[in-house]
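Written out below as structure tokens is the structure these notes cover.
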Amino acid sequence: MSNDTDVLIIGAGQCGLSLSNRLRARHIDHRAVEANSAPGDVWRRRWDSLRLFTPSRYDGLPGLPFPGASRYRPSAGEFADYLDAYAEHIDFPASYGETVTSASPDPAGGFTVHTATSSGPRVRRSRCLVVATGGHTAPTVPADATALDSRIAQLHTDDYHRPDDLPGDRVLVVGCGASGLQLAVELARAGRTVTVAGRPTPSIPAPALAIAGGLWFAFLHQVLTRRTPMGRKAAPKAIGSGAPLIGISATDLERHGVRRVSRFDGAVDGVPRIADGGLIDVDAALWATGYRPAPPLLADRLAEGSSGPDSPGPDGRS
């Protein structure tokens with residue numbers, strides 16, 4: 001049974017694009033499938049004011065530096081445009097608007113991938129398969145969110161774009177990582193009465209970044225990666241408790257009049273309850289509670305499969 005391509009990449013984000021660049025350099029036939037209409041669309045769906053934590057000098061992909069001043073922190077929209085430009089720069093071979101519904105090892109060798117398109121289902125086959133969709137892509141909301149009164153509007157940060165998305169005056173932001181703090185400040189600036197539930201992750205002081213920011217980001221991108229023992233050891237803690245805060249801290253909440261309380265702990269008669277037993281009556285709740293792994297696309301036995309000696313590894317992340 002013939003293959004459509006030697007390597008099939010699922011996902012056209014940073015990882016898929018970087019891998020394509022590497023495969024092209026080695027003259028390996030490959031193709032990508034992407035559910036969105038362009039590589040940058042995932043970033044375009046994030047909130048309007050979002051900016052990357054890292055300065056532009058660290059945001060480029062192989063072979064095409066991110067344009068602009070080295071210390072500039074790009075917006076989500078600017079980074080989305082960069083990804084689209086990168087795809088054009090490397091002549092990225094992708095099929096957009098094609099969603100993978102399942103994938104499994106083929107008895108005849110290689111892999112069989114079923115996809116859905118606007119014109120109907122499709123079957124693709126490849127010798128190797130790389131899943132470059134990210135490890136945590138499904139928004140997570142506490143189970144107790146269902147206990148809140150129906151009058152309280154609820155929104156996850158994945159669906160938030162601007163303060164007007166949340167009705168009323170009193171807003172509870174659940175989650176005290178970078179997203180929660182940034183959006184709490186944005187809502188406060190928009191005139192809302194904001195309460196943040198949770199404990200902030202450690203922050204890197206702005207003076208330290210100003211003096212040794214280059215060293216920190218170099219350490220982050222070259223040492224704290226899954227390629228090193230130190231990075232692999234640190235990864236579970238970063239995923240479980242959140243990465244350090246960069247460019248914002250708990251003091252920003254105080255400066256903008258945002259109230260801080262302990263973690264969200266369910267509801268009493270539809271009203272949010274926090275861990276110390278107090279109740280927070282609000283008009284809206286914004287869940288800045290991160291993401292969980294999406295349901296696996298691949299059969300469990302896929303992890304047992306092996307690839308050829310010159311094939312890309314199973315981890316599509318750069």
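Here, A, B, ... name the chains of the structure tokens in the order displayed, residue numbers run from 1 inside each chain, and ligands are numbered from 1 in the same displayed order.
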
- Query: Near A:Ala267, within 8 Å and counting only C-alpha atoms, which residues show up once chain neighbours fewer than 2 positions away are dropped, as a VMD selection string?
  - Reply: chain A and resid 144 to 145 147 to 148 265 269 to 273 279

- Per DSSP on the backbone, what are the strand (DSSP E) residues of stretch 36-251 of chain A, as a PyMOL selection string? chain A and resi 94-96+99-105+111-117+120-131+138-139+153-156+170-174+193-197

Same residues, N, CA and C atoms, output as a tab-separated table (two decimals), in the first residue's frame:
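Written file, selection-v6.tsv:
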chain	number	residue	atom	x	y	z
A	94	ALA	N	1.36	22.31	3.47
A	94	ALA	CA	0.29	22.02	4.43
A	94	ALA	C	-1.06	22.01	3.75
A	95	SER	N	-1.96	21.21	4.32
A	95	SER	CA	-3.36	21.19	3.91
A	95	SER	C	-4.16	21.80	5.06
A	96	TYR	N	-4.74	22.97	4.85
A	96	TYR	CA	-5.48	23.67	5.90
A	96	TYR	C	-6.95	23.30	5.85
A	99	THR	N	-9.07	18.45	9.64
A	99	THR	CA	-9.01	18.06	11.05
A	99	THR	C	-8.81	16.56	11.18
A	100	VAL	N	-7.81	16.15	11.93
A	100	VAL	CA	-7.56	14.73	12.16
A	100	VAL	C	-8.57	14.19	13.16
A	101	THR	N	-9.24	13.12	12.79
A	101	THR	CA	-10.22	12.49	13.67
A	101	THR	C	-9.69	11.23	14.33
A	102	SER	N	-8.75	10.54	13.70
A	102	SER	CA	-8.14	9.36	14.30
A	102	SER	C	-6.86	9.02	13.55
A	103	ALA	N	-5.98	8.29	14.22
A	103	ALA	CA	-4.74	7.84	13.60
A	103	ALA	C	-4.33	6.53	14.25
A	104	SER	N	-3.78	5.62	13.49
A	104	SER	CA	-3.39	4.32	14.03
A	104	SER	C	-2.32	3.69	13.15
A	105	PRO	N	-1.52	2.77	13.72
A	105	PRO	CA	-0.54	2.04	12.91
A	105	PRO	C	-1.26	1.23	11.84
A	111	PHE	N	1.45	4.44	8.95
A	111	PHE	CA	0.30	4.89	9.72
A	111	PHE	C	-0.85	5.30	8.79
A	112	THR	N	-2.06	5.10	9.30
A	112	THR	CA	-3.26	5.53	8.60
A	112	THR	C	-3.92	6.63	9.42
A	113	VAL	N	-4.22	7.75	8.77
A	113	VAL	CA	-4.79	8.91	9.44
A	113	VAL	C	-6.10	9.28	8.76
A	114	HIS	N	-7.15	9.35	9.55
A	114	HIS	CA	-8.46	9.76	9.04
A	114	HIS	C	-8.67	11.23	9.38
A	115	THR	N	-9.12	12.00	8.39
A	115	THR	CA	-9.34	13.43	8.60
A	115	THR	C	-10.72	13.83	8.09
A	116	ALA	N	-11.14	15.02	8.52
A	116	ALA	CA	-12.41	15.59	8.06
A	116	ALA	C	-12.12	16.91	7.38
A	117	THR	N	-12.72	17.14	6.23
A	117	THR	CA	-12.56	18.39	5.49
A	117	THR	C	-13.94	18.89	5.09
A	120	GLY	N	-15.62	16.56	2.82
A	120	GLY	CA	-15.88	15.19	3.27
A	120	GLY	C	-14.67	14.55	3.92
A	121	PRO	N	-14.80	13.30	4.37
A	121	PRO	CA	-13.70	12.60	5.03
A	121	PRO	C	-12.59	12.24	4.06
A	122	ARG	N	-11.40	12.06	4.64
A	122	ARG	CA	-10.24	11.71	3.82
A	122	ARG	C	-9.36	10.75	4.61
A	123	VAL	N	-8.65	9.89	3.90
A	123	VAL	CA	-7.71	8.96	4.53
A	123	VAL	C	-6.32	9.26	3.99
A	124	ARG	N	-5.38	9.45	4.91
A	124	ARG	CA	-3.98	9.69	4.53
A	124	ARG	C	-3.10	8.58	5.11
A	125	ARG	N	-2.03	8.27	4.40
A	125	ARG	CA	-1.09	7.25	4.86
A	125	ARG	C	0.33	7.80	4.77
A	126	SER	N	1.14	7.44	5.76
A	126	SER	CA	2.53	7.91	5.77
A	126	SER	C	3.41	6.87	6.44
A	127	ARG	N	4.71	6.93	6.13
A	127	ARG	CA	5.65	6.02	6.78
A	127	ARG	C	5.86	6.41	8.23
A	128	CYS	N	5.95	7.72	8.48
A	128	CYS	CA	6.14	8.24	9.84
A	128	CYS	C	5.06	9.27	10.15
A	129	LEU	N	4.80	9.43	11.42
A	129	LEU	CA	3.76	10.37	11.86
A	129	LEU	C	4.27	11.19	13.03
A	130	VAL	N	4.09	12.50	12.97
A	130	VAL	CA	4.50	13.40	14.05
A	130	VAL	C	3.27	14.18	14.52
A	131	VAL	N	2.96	14.09	15.81
A	131	VAL	CA	1.86	14.85	16.38
A	131	VAL	C	2.44	16.14	16.97
A	138	ALA	N	-6.76	21.39	25.65
A	138	ALA	CA	-8.18	21.42	26.00
A	138	ALA	C	-8.38	22.31	27.23
A	139	PRO	N	-9.18	23.38	27.14
A	139	PRO	CA	-9.41	24.26	28.31
A	139	PRO	C	-9.95	23.46	29.49
A	153	ALA	N	-22.29	34.78	34.74
A	153	ALA	CA	-21.71	34.45	33.44
A	153	ALA	C	-20.34	33.80	33.65
A	154	GLN	N	-20.05	32.78	32.86
A	154	GLN	CA	-18.78	32.07	33.00
A	154	GLN	C	-18.07	32.02	31.65
A	155	LEU	N	-16.74	32.21	31.70
A	155	LEU	CA	-15.95	32.21	30.48
A	155	LEU	C	-14.55	31.72	30.80
A	156	HIS	N	-14.01	30.86	29.96
A	156	HIS	CA	-12.61	30.45	30.10
A	156	HIS	C	-11.75	31.43	29.29
A	170	ARG	N	-18.96	43.07	38.88
A	170	ARG	CA	-18.12	42.27	39.78
A	170	ARG	C	-17.65	41.00	39.07
A	171	VAL	N	-16.32	40.86	38.96
A	171	VAL	CA	-15.75	39.72	38.24
A	171	VAL	C	-14.81	38.94	39.15
A	172	LEU	N	-14.97	37.63	39.16
A	172	LEU	CA	-14.05	36.74	39.87
A	172	LEU	C	-13.16	36.08	38.84
A	173	VAL	N	-11.84	36.29	38.97
A	173	VAL	CA	-10.87	35.61	38.11
A	173	VAL	C	-10.29	34.46	38.92
A	174	VAL	N	-10.48	33.25	38.43
A	174	VAL	CA	-9.99	32.07	39.14
A	174	VAL	C	-8.70	31.61	38.48
A	193	THR	N	-14.91	45.70	39.18
A	193	THR	CA	-14.50	45.35	40.54
A	193	THR	C	-14.04	43.90	40.49
A	194	VAL	N	-12.73	43.69	40.65
A	194	VAL	CA	-12.14	42.39	40.35
A	194	VAL	C	-11.59	41.72	41.61
A	195	THR	N	-11.87	40.42	41.72
A	195	THR	CA	-11.30	39.58	42.75
A	195	THR	C	-10.57	38.42	42.08
A	196	VAL	N	-9.36	38.13	42.54
A	196	VAL	CA	-8.59	37.01	42.00
A	196	VAL	C	-8.46	35.93	43.07
A	197	ALA	N	-8.80	34.70	42.70
A	197	ALA	CA	-8.71	33.57	43.62
A	197	ALA	C	-7.52	32.71	43.23

- Query: Which residues, written as a list in words, have at least one atom at most 10 Å from A:Arg192, with only C-alpha atoms counted and residues fewer than 6 positions away on the same chain left out?
  - Reply: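 Skipping anything fewer than 6 positions along the chain leaves Pro163, Leu166, Pro167, Gly168, Asp169, Arg170, Val171, Ala184, Val185, Glu186, Gly257 and Val258 of chain A.
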
Put those residues in a file: N, CA and C atoms, as a PDB file, in the first residue's frame.
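Contents of part_19.pdb, as written:
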ATOM      1  N   PRO A 163     -12.646  42.963  27.755  1.00  0.00           N
ATOM      2  CA  PRO A 163     -13.536  43.112  28.912  1.00  0.00           C
ATOM      3  C   PRO A 163     -15.017  43.063  28.578  1.00  0.00           C
ATOM      4  N   LEU A 166     -17.436  40.031  29.226  1.00  0.00           N
ATOM      5  CA  LEU A 166     -17.982  39.676  30.532  1.00  0.00           C
ATOM      6  C   LEU A 166     -18.984  40.734  30.981  1.00  0.00           C
ATOM      7  N   PRO A 167     -20.208  40.339  31.286  1.00  0.00           N
ATOM      8  CA  PRO A 167     -21.225  41.312  31.712  1.00  0.00           C
ATOM      9  C   PRO A 167     -21.073  41.681  33.183  1.00  0.00           C
ATOM     10  N   GLY A 168     -21.750  42.722  33.598  1.00  0.00           N
ATOM     11  CA  GLY A 168     -21.792  43.109  35.006  1.00  0.00           C
ATOM     12  C   GLY A 168     -20.549  43.839  35.463  1.00  0.00           C
ATOM     13  N   ASP A 169     -20.538  44.140  36.764  1.00  0.00           N
ATOM     14  CA  ASP A 169     -19.426  44.907  37.346  1.00  0.00           C
ATOM     15  C   ASP A 169     -18.449  44.020  38.108  1.00  0.00           C
ATOM     16  N   ARG A 170     -18.962  43.072  38.885  1.00  0.00           N
ATOM     17  CA  ARG A 170     -18.117  42.266  39.780  1.00  0.00           C
ATOM     18  C   ARG A 170     -17.650  40.999  39.067  1.00  0.00           C
ATOM     19  N   VAL A 171     -16.320  40.864  38.961  1.00  0.00           N
ATOM     20  CA  VAL A 171     -15.749  39.724  38.242  1.00  0.00           C
ATOM     21  C   VAL A 171     -14.806  38.945  39.152  1.00  0.00           C
ATOM     22  N   ALA A 184      -6.869  40.112  35.060  1.00  0.00           N
ATOM     23  CA  ALA A 184      -7.431  40.803  36.219  1.00  0.00           C
ATOM     24  C   ALA A 184      -7.097  42.293  36.154  1.00  0.00           C
ATOM     25  N   VAL A 185      -5.851  42.597  35.805  1.00  0.00           N
ATOM     26  CA  VAL A 185      -5.446  43.997  35.675  1.00  0.00           C
ATOM     27  C   VAL A 185      -6.203  44.667  34.529  1.00  0.00           C
ATOM     28  N   GLU A 186      -6.346  43.958  33.410  1.00  0.00           N
ATOM     29  CA  GLU A 186      -7.076  44.533  32.277  1.00  0.00           C
ATOM     30  C   GLU A 186      -8.519  44.844  32.645  1.00  0.00           C
ATOM     31  N   GLY A 257      -6.007  47.937  42.414  1.00  0.00           N
ATOM     32  CA  GLY A 257      -7.167  47.755  43.274  1.00  0.00           C
ATOM     33  C   GLY A 257      -7.842  46.407  43.160  1.00  0.00           C
ATOM     34  N   VAL A 258      -7.110  45.387  42.712  1.00  0.00           N
ATOM     35  CA  VAL A 258      -7.667  44.039  42.590  1.00  0.00           C
ATOM     36  C   VAL A 258      -7.539  43.323  43.928  1.00  0.00           C
TER      37      VAL A 258
END

- Query: Which residues, written as a count of residues only, have at least one atom at most 8 Å from A:Tyr291, with only C-alpha atoms counted and residues fewer than 2 positions away on the same chain left out?
  - Reply: 7

- Message: Measuring between only C-alpha atoms, which one of A:Arg199, A:Ala76, A:Asp149, A:Met230 shows the shortest distance to A:Ile274?
- Response: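 Nearest to A:Ile274: A:Arg199.
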
- Could you find all residues in stretch 85-236 of chain A that DSSP calls alpha helix (DSSP H) from the backbone, and write them as a ChimeraX atom specification? /A:85-89,178-189,206-222,229-236

Would you mind exporting C-alpha atoms of the selected residues as a JSON list (two decimals), in the first residue's frame?
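Contents of result38.json, as written:
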[["chain", "number", "residue", "atom", "x", "y", "z"],
["A", 85, "ALA", "CA", 5.15, 34.60, 6.97],
["A", 86, "TYR", "CA", 7.42, 31.77, 8.12],
["A", 87, "ALA", "CA", 5.20, 29.20, 6.39],
["A", 88, "GLU", "CA", 5.54, 31.17, 3.17],
["A", 89, "HIS", "CA", 9.29, 31.58, 3.72],
["A", 178, "ALA", "CA", 0.33, 34.97, 34.22],
["A", 179, "SER", "CA", -2.97, 34.84, 32.34],
["A", 180, "GLY", "CA", -5.06, 35.38, 35.45],
["A", 181, "LEU", "CA", -3.00, 38.34, 36.62],
["A", 182, "GLN", "CA", -2.85, 40.00, 33.21],
["A", 183, "LEU", "CA", -6.58, 39.75, 32.67],
["A", 184, "ALA", "CA", -7.43, 40.80, 36.22],
["A", 185, "VAL", "CA", -5.45, 44.00, 35.68],
["A", 186, "GLU", "CA", -7.08, 44.53, 32.28],
["A", 187, "LEU", "CA", -10.55, 44.14, 33.77],
["A", 188, "ALA", "CA", -9.70, 46.50, 36.64],
["A", 189, "ARG", "CA", -8.46, 49.11, 34.17],
["A", 206, "ALA", "CA", 11.76, 43.57, 36.56],
["A", 207, "PRO", "CA", 15.20, 44.94, 37.68],
["A", 208, "ALA", "CA", 16.63, 41.41, 37.42],
["A", 209, "LEU", "CA", 15.29, 41.07, 33.90],
["A", 210, "ALA", "CA", 16.67, 44.49, 32.97],
["A", 211, "ILE", "CA", 20.14, 43.58, 34.23],
["A", 212, "ALA", "CA", 20.36, 39.88, 33.36],
["A", 213, "GLY", "CA", 17.36, 39.25, 31.16],
["A", 214, "GLY", "CA", 19.52, 37.91, 28.34],
["A", 215, "LEU", "CA", 21.07, 35.32, 30.63],
["A", 216, "TRP", "CA", 17.66, 34.27, 31.96],
["A", 217, "PHE", "CA", 16.09, 33.76, 28.53],
["A", 218, "ALA", "CA", 19.20, 31.99, 27.25],
["A", 219, "PHE", "CA", 18.99, 29.65, 30.26],
["A", 220, "LEU", "CA", 15.28, 29.13, 29.65],
["A", 221, "HIS", "CA", 15.64, 28.33, 25.95],
["A", 222, "GLN", "CA", 18.92, 26.41, 26.00],
["A", 229, "PRO", "CA", 18.15, 16.28, 32.26],
["A", 230, "MET", "CA", 17.56, 19.51, 34.20],
["A", 231, "GLY", "CA", 14.78, 20.59, 31.84],
["A", 232, "ARG", "CA", 13.05, 17.20, 31.96],
["A", 233, "LYS", "CA", 13.17, 17.26, 35.73],
["A", 234, "ALA", "CA", 11.71, 20.78, 35.91],
["A", 235, "ALA", "CA", 8.94, 20.20, 33.35],
["A", 236, "PRO", "CA", 6.41, 18.40, 35.62]]

- Message: Set the distance at 12 Å and use only C-alpha atoms: which residues neighbour A:Gly68 once local chain neighbours fewer than 6 positions away are removed? I'd like the list as a list of chain:residue names.
- Response: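 The neighbour list is A:Pro55, A:Ser56, A:Arg57, A:Tyr58, A:Asp59, A:Gly60, A:Pro74, A:Glu78, A:Phe79, A:Tyr82.
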
Write the residues you've just listed into a file as an mmCIF file, in the first residue's frame, and include N, CA and C atoms for each of them.
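Generated file (result00.cif):
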data_model
loop_
_atom_site.group_PDB
_atom_site.id
_atom_site.type_symbol
_atom_site.label_atom_id
_atom_site.label_comp_id
_atom_site.auth_asym_id
_atom_site.auth_seq_id
_atom_site.Cartn_x
_atom_site.Cartn_y
_atom_site.Cartn_z
ATOM 1 N N PRO A 55 11.079 38.233 24.736
ATOM 2 C CA PRO A 55 11.345 39.280 23.744
ATOM 3 C C PRO A 55 11.597 38.675 22.368
ATOM 4 N N SER A 56 11.498 39.509 21.347
ATOM 5 C CA SER A 56 11.499 39.033 19.967
ATOM 6 C C SER A 56 12.763 38.275 19.582
ATOM 7 N N ARG A 57 13.883 38.577 20.209
ATOM 8 C CA ARG A 57 15.125 37.893 19.832
ATOM 9 C C ARG A 57 15.055 36.400 20.104
ATOM 10 N N TYR A 58 14.110 35.979 20.956
ATOM 11 C CA TYR A 58 13.953 34.559 21.269
ATOM 12 C C TYR A 58 12.685 33.962 20.643
ATOM 13 N N ASP A 59 11.976 34.726 19.837
ATOM 14 C CA ASP A 59 10.689 34.269 19.325
ATOM 15 C C ASP A 59 10.731 33.765 17.888
ATOM 16 N N GLY A 60 11.868 33.889 17.228
ATOM 17 C CA GLY A 60 11.970 33.454 15.849
ATOM 18 C C GLY A 60 12.144 31.948 15.723
ATOM 19 N N PRO A 74 6.389 40.827 21.335
ATOM 20 C CA PRO A 74 5.342 40.901 20.311
ATOM 21 C C PRO A 74 3.958 40.606 20.871
ATOM 22 N N GLU A 78 0.839 39.896 16.189
ATOM 23 C CA GLU A 78 2.112 40.015 15.481
ATOM 24 C C GLU A 78 2.791 38.661 15.343
ATOM 25 N N PHE A 79 2.694 37.855 16.389
ATOM 26 C CA PHE A 79 3.306 36.527 16.309
ATOM 27 C C PHE A 79 2.546 35.645 15.320
ATOM 28 N N TYR A 82 3.718 36.509 11.975
ATOM 29 C CA TYR A 82 5.063 35.965 11.763
ATOM 30 C C TYR A 82 4.995 34.490 11.363
#

- For atom CA of A:Arg259 and atom CA of A:Arg292, determine how far apart the two atoms are, in Å to one decimal place.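 About the pair atom CA of A:Arg259 and atom CA of A:Arg292: they are 27.4 Å apart.
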
- Task: Go ahead and compute the interatomic distance for atom CA of A:Arg260 and atom CA of A:Ala285, in Å to one decimal.
- Result: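 Atom-to-atom, atom CA of A:Arg260 to atom CA of A:Ala285, that is 14.3 Å.
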